[in-house]
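This report concerns only the one structure given below.
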Amino acid sequence: MRVIGLLSGTSYDAVDAAAADLWLDADTLVLAPLGMVSAPYPAGLRAALAAALPPAATTMEEVCRLDTSIGRAFASLAVRADEELCGGRADLVVSHGQTVYHWSEGGTVHGTLQLGEAAWIAEATGRPVVSGLRTRDVAAGGQGAPLVSIVDVLWLRGRPGVPVALNLGGIANITVAAGAGSPAAFDTGPANALIDAAVRHLTGGRLRYDVDGALAGRGRVDEALLRRLLDEPYYAQPPPKTTGKEVFHLPYLRAVLAGHEALPAEDVVATLTRLTARTVADAARAVRATEVFASGGGTRNPVLMAMLRTELDGVPVRGSGELGLPSAAKEAYAFAVLGFLTVHGIAGTVPACTGARHASVLGSLTPGRHGLRLPEPAAAAPVRMRLSPQGN
């Protein structure tokens, strides 16, 4: 089956699409990557989204406008991905949508909201669409995140020691794929969320993020500010746990920076970069990681990656591409896998990772132009994933 995975992460700057041929070979899920395309959100849509996200107030009219505009942006990229990556022969589109709120209180997730109406994608592409993947896990008592943990577990299963998959998006999360106990997955805290917020704020909007870690590289870590940042209660919570920009946003940062206004911008960014490295490393040490495979936008920040390697002190940190999943496209490929599992009637969650009462088949299905014809249900769920250089 030829599947397109669509994703826009917590940095909400672009939509990514990755396409793959996917098939089952006995107890193995085989993924043959076909490539990735990406498109930035139109400036007006990005500004409207930023203005509506917590802690800002918004209206139902604006939610409707955003749901439609994001759906159209996803649809446009899905059409392009079908043409450029799939030769016009995609069988299925899987859309994560844009997370705008993750309702978590007292360690319990009560709801989650992703915008980007799937009907726009189905109408534009003519393909069936799987969307709304997080909600079923939340309904089953789970955190709804990190949702790609099943892909990480299948992908890293069989490696020696305790391999860990790390995603550095707006929020950082890890999946512990093996070891003596059960798999585990959780958000460690901010990856780029606070760094990006600081850069935009401290440069007056001139920069949107710390390009190549240039600001952090010129700065010095302020230990007093770092200690204050590390006092955040989230870091001490036991997993499974999840967080987001509902917590780690500009007003949060401003409150933490009170009393540190005299610090140069470079020192603030360097300290926030160290915060990400420290909290990720603390989490990896707690699970006794023996190797870390990193993906996501944060891997393009050489200062962050150098700090992470220093903090992990000898634990190898590699890019996910070394195992065949390109760092920039890994999350989009993962959602393609989740949709493939859904249409084959296979659960897409690991309860030990999300905290759910049971595993669930994820998402909702929107028929394509020619109705909805599902494949035969799989006889059994796969127990591992293999990367293949060739399509099915």
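Every chain in the structure tokens has a letter given in the order shown (A, B, ...), and although residue numbers restart at 1 in each chain, ligands are simply numbered from 1 in the order shown.
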
Checklist line | Spatial neighbours of A:Trp155, max dist 12 Å, only C-alpha atoms, sep filter under 3 positions, as an NGL selection string | finding: :A and (28-31 or 148-152 or 158-159 or 163-165 or 175-178 or 293 or 320 or 323-325 or 330 or 333-334 or 337 or 382-387)

Could those selected residues go to a file with N, CA and C atoms, as a tab-separated table (two decimals), in the first residue's frame?
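For reference, part.tsv as written:
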```
chain	number	residue	atom	x	y	z
A	28	THR	N	6.42	-8.97	10.23
A	28	THR	CA	7.24	-7.77	10.03
A	28	THR	C	6.50	-6.76	9.17
A	29	LEU	N	6.50	-5.50	9.61
A	29	LEU	CA	6.01	-4.40	8.80
A	29	LEU	C	7.19	-3.85	8.02
A	30	VAL	N	7.05	-3.79	6.70
A	30	VAL	CA	8.14	-3.32	5.84
A	30	VAL	C	7.79	-1.91	5.35
A	31	LEU	N	8.75	-1.00	5.50
A	31	LEU	CA	8.57	0.39	5.06
A	31	LEU	C	9.64	0.72	4.04
A	148	VAL	N	3.76	8.22	18.34
A	148	VAL	CA	4.55	7.40	17.41
A	148	VAL	C	5.36	6.34	18.15
A	149	SER	N	5.10	6.14	19.42
A	149	SER	CA	5.91	5.19	20.19
A	149	SER	C	5.83	3.78	19.62
A	150	ILE	N	4.68	3.39	19.06
A	150	ILE	CA	4.58	2.03	18.49
A	150	ILE	C	5.55	1.88	17.32
A	151	VAL	N	5.72	2.94	16.54
A	151	VAL	CA	6.65	2.88	15.41
A	151	VAL	C	8.08	2.75	15.91
A	152	ASP	N	8.42	3.51	16.95
A	152	ASP	CA	9.76	3.43	17.51
A	152	ASP	C	10.03	2.04	18.09
A	158	GLY	N	14.97	-5.45	18.93
A	158	GLY	CA	16.04	-6.36	18.55
A	158	GLY	C	17.43	-5.77	18.68
A	159	ARG	N	17.54	-4.45	18.86
A	159	ARG	CA	18.85	-3.86	19.07
A	159	ARG	C	19.32	-4.18	20.49
A	163	PRO	N	18.00	0.89	23.52
A	163	PRO	CA	17.96	1.96	22.53
A	163	PRO	C	16.80	2.92	22.81
A	164	VAL	N	17.03	4.19	22.58
A	164	VAL	CA	16.02	5.23	22.82
A	164	VAL	C	15.86	6.05	21.54
A	165	ALA	N	14.62	6.27	21.14
A	165	ALA	CA	14.30	7.19	20.04
A	165	ALA	C	13.97	8.55	20.64
A	175	THR	N	11.17	7.54	23.31
A	175	THR	CA	10.60	6.20	23.40
A	175	THR	C	11.71	5.24	23.78
A	176	VAL	N	11.48	4.50	24.83
A	176	VAL	CA	12.41	3.47	25.27
A	176	VAL	C	11.93	2.17	24.67
A	177	ALA	N	12.67	1.67	23.69
A	177	ALA	CA	12.15	0.58	22.88
A	177	ALA	C	12.42	-0.79	23.45
A	178	ALA	N	13.40	-0.92	24.32
A	178	ALA	CA	13.76	-2.26	24.80
A	178	ALA	C	14.37	-2.14	26.18
A	293	PHE	N	18.79	7.66	19.25
A	293	PHE	CA	18.61	7.99	17.83
A	293	PHE	C	17.69	9.20	17.74
A	320	SER	N	18.54	9.55	13.30
A	320	SER	CA	17.69	8.43	12.91
A	320	SER	C	18.00	7.94	11.50
A	323	LEU	N	19.71	4.65	10.72
A	323	LEU	CA	18.92	3.42	10.66
A	323	LEU	C	17.86	3.48	9.56
A	324	GLY	N	18.02	4.41	8.62
A	324	GLY	CA	17.17	4.42	7.45
A	324	GLY	C	15.99	5.35	7.46
A	325	LEU	N	15.72	6.05	8.59
A	325	LEU	CA	14.60	6.99	8.65
A	325	LEU	C	15.15	8.41	8.73
A	330	LYS	N	11.01	11.63	9.72
A	330	LYS	CA	10.67	10.47	10.54
A	330	LYS	C	9.24	10.53	11.09
A	333	TYR	N	6.68	9.88	8.35
A	333	TYR	CA	6.65	8.44	8.04
A	333	TYR	C	5.91	7.67	9.13
A	334	ALA	N	6.13	8.07	10.38
A	334	ALA	CA	5.46	7.38	11.48
A	334	ALA	C	3.95	7.48	11.38
A	337	VAL	N	2.62	5.12	8.87
A	337	VAL	CA	2.52	3.78	9.46
A	337	VAL	C	1.25	3.65	10.29
A	382	PRO	N	2.06	-6.77	13.49
A	382	PRO	CA	3.50	-6.95	13.34
A	382	PRO	C	4.23	-6.77	14.67
A	383	VAL	N	5.37	-7.39	14.79
A	383	VAL	CA	6.16	-7.28	16.02
A	383	VAL	C	7.48	-6.53	15.78
A	384	ARG	N	7.78	-6.22	14.53
A	384	ARG	CA	8.99	-5.46	14.23
A	384	ARG	C	8.78	-4.73	12.89
A	385	MET	N	9.65	-3.77	12.61
A	385	MET	CA	9.59	-3.03	11.36
A	385	MET	C	10.95	-3.08	10.67
A	386	ARG	N	10.92	-3.30	9.37
A	386	ARG	CA	12.15	-3.35	8.58
A	386	ARG	C	12.09	-2.27	7.51
A	387	LEU	N	13.20	-1.59	7.32
A	387	LEU	CA	13.31	-0.58	6.26
A	387	LEU	C	13.79	-1.27	4.99
```

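Atom pair atom CA of A:Asp212 / atom CA of A:Thr271 has a distance of 15.8 Å (rounded to one decimal).
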
Next item on the list: Using DSSP on the backbone, list every residue of stretch 118-269 of chain A that comes out as alpha helix (DSSP H), and give them as a PyMOL selection string.
Entry: chain A and resi 118-125+135-139+149-156+193-202+214-218+223-230+250-257+265-269

Margin query: Neighbouring residues of A:Thr354 were defined as those with any atom within 8 Å, considering only C-alpha atoms; residues of the same chain fewer than 5 positions away were excluded. Please report them as a count of residues only.
Written below: 13

Checklist line | Surrounding residues of A:Val280 excluding itself and chain neighbours under 5 positions, 8 Å, only C-alpha atoms, as a VMD selection string | finding: chain A and resid 172 to 173 188 to 189 308

Notebook entry, point to check: Do you know which residues are at most 12 Å from A:Glu223 counting only C-alpha atoms, after dropping those on the same chain fewer than 2 positions away, and could you put them as a ChimeraX atom specification?
Noted result: /A:220-221,225-230,260,263,267-268,270-272,274-275
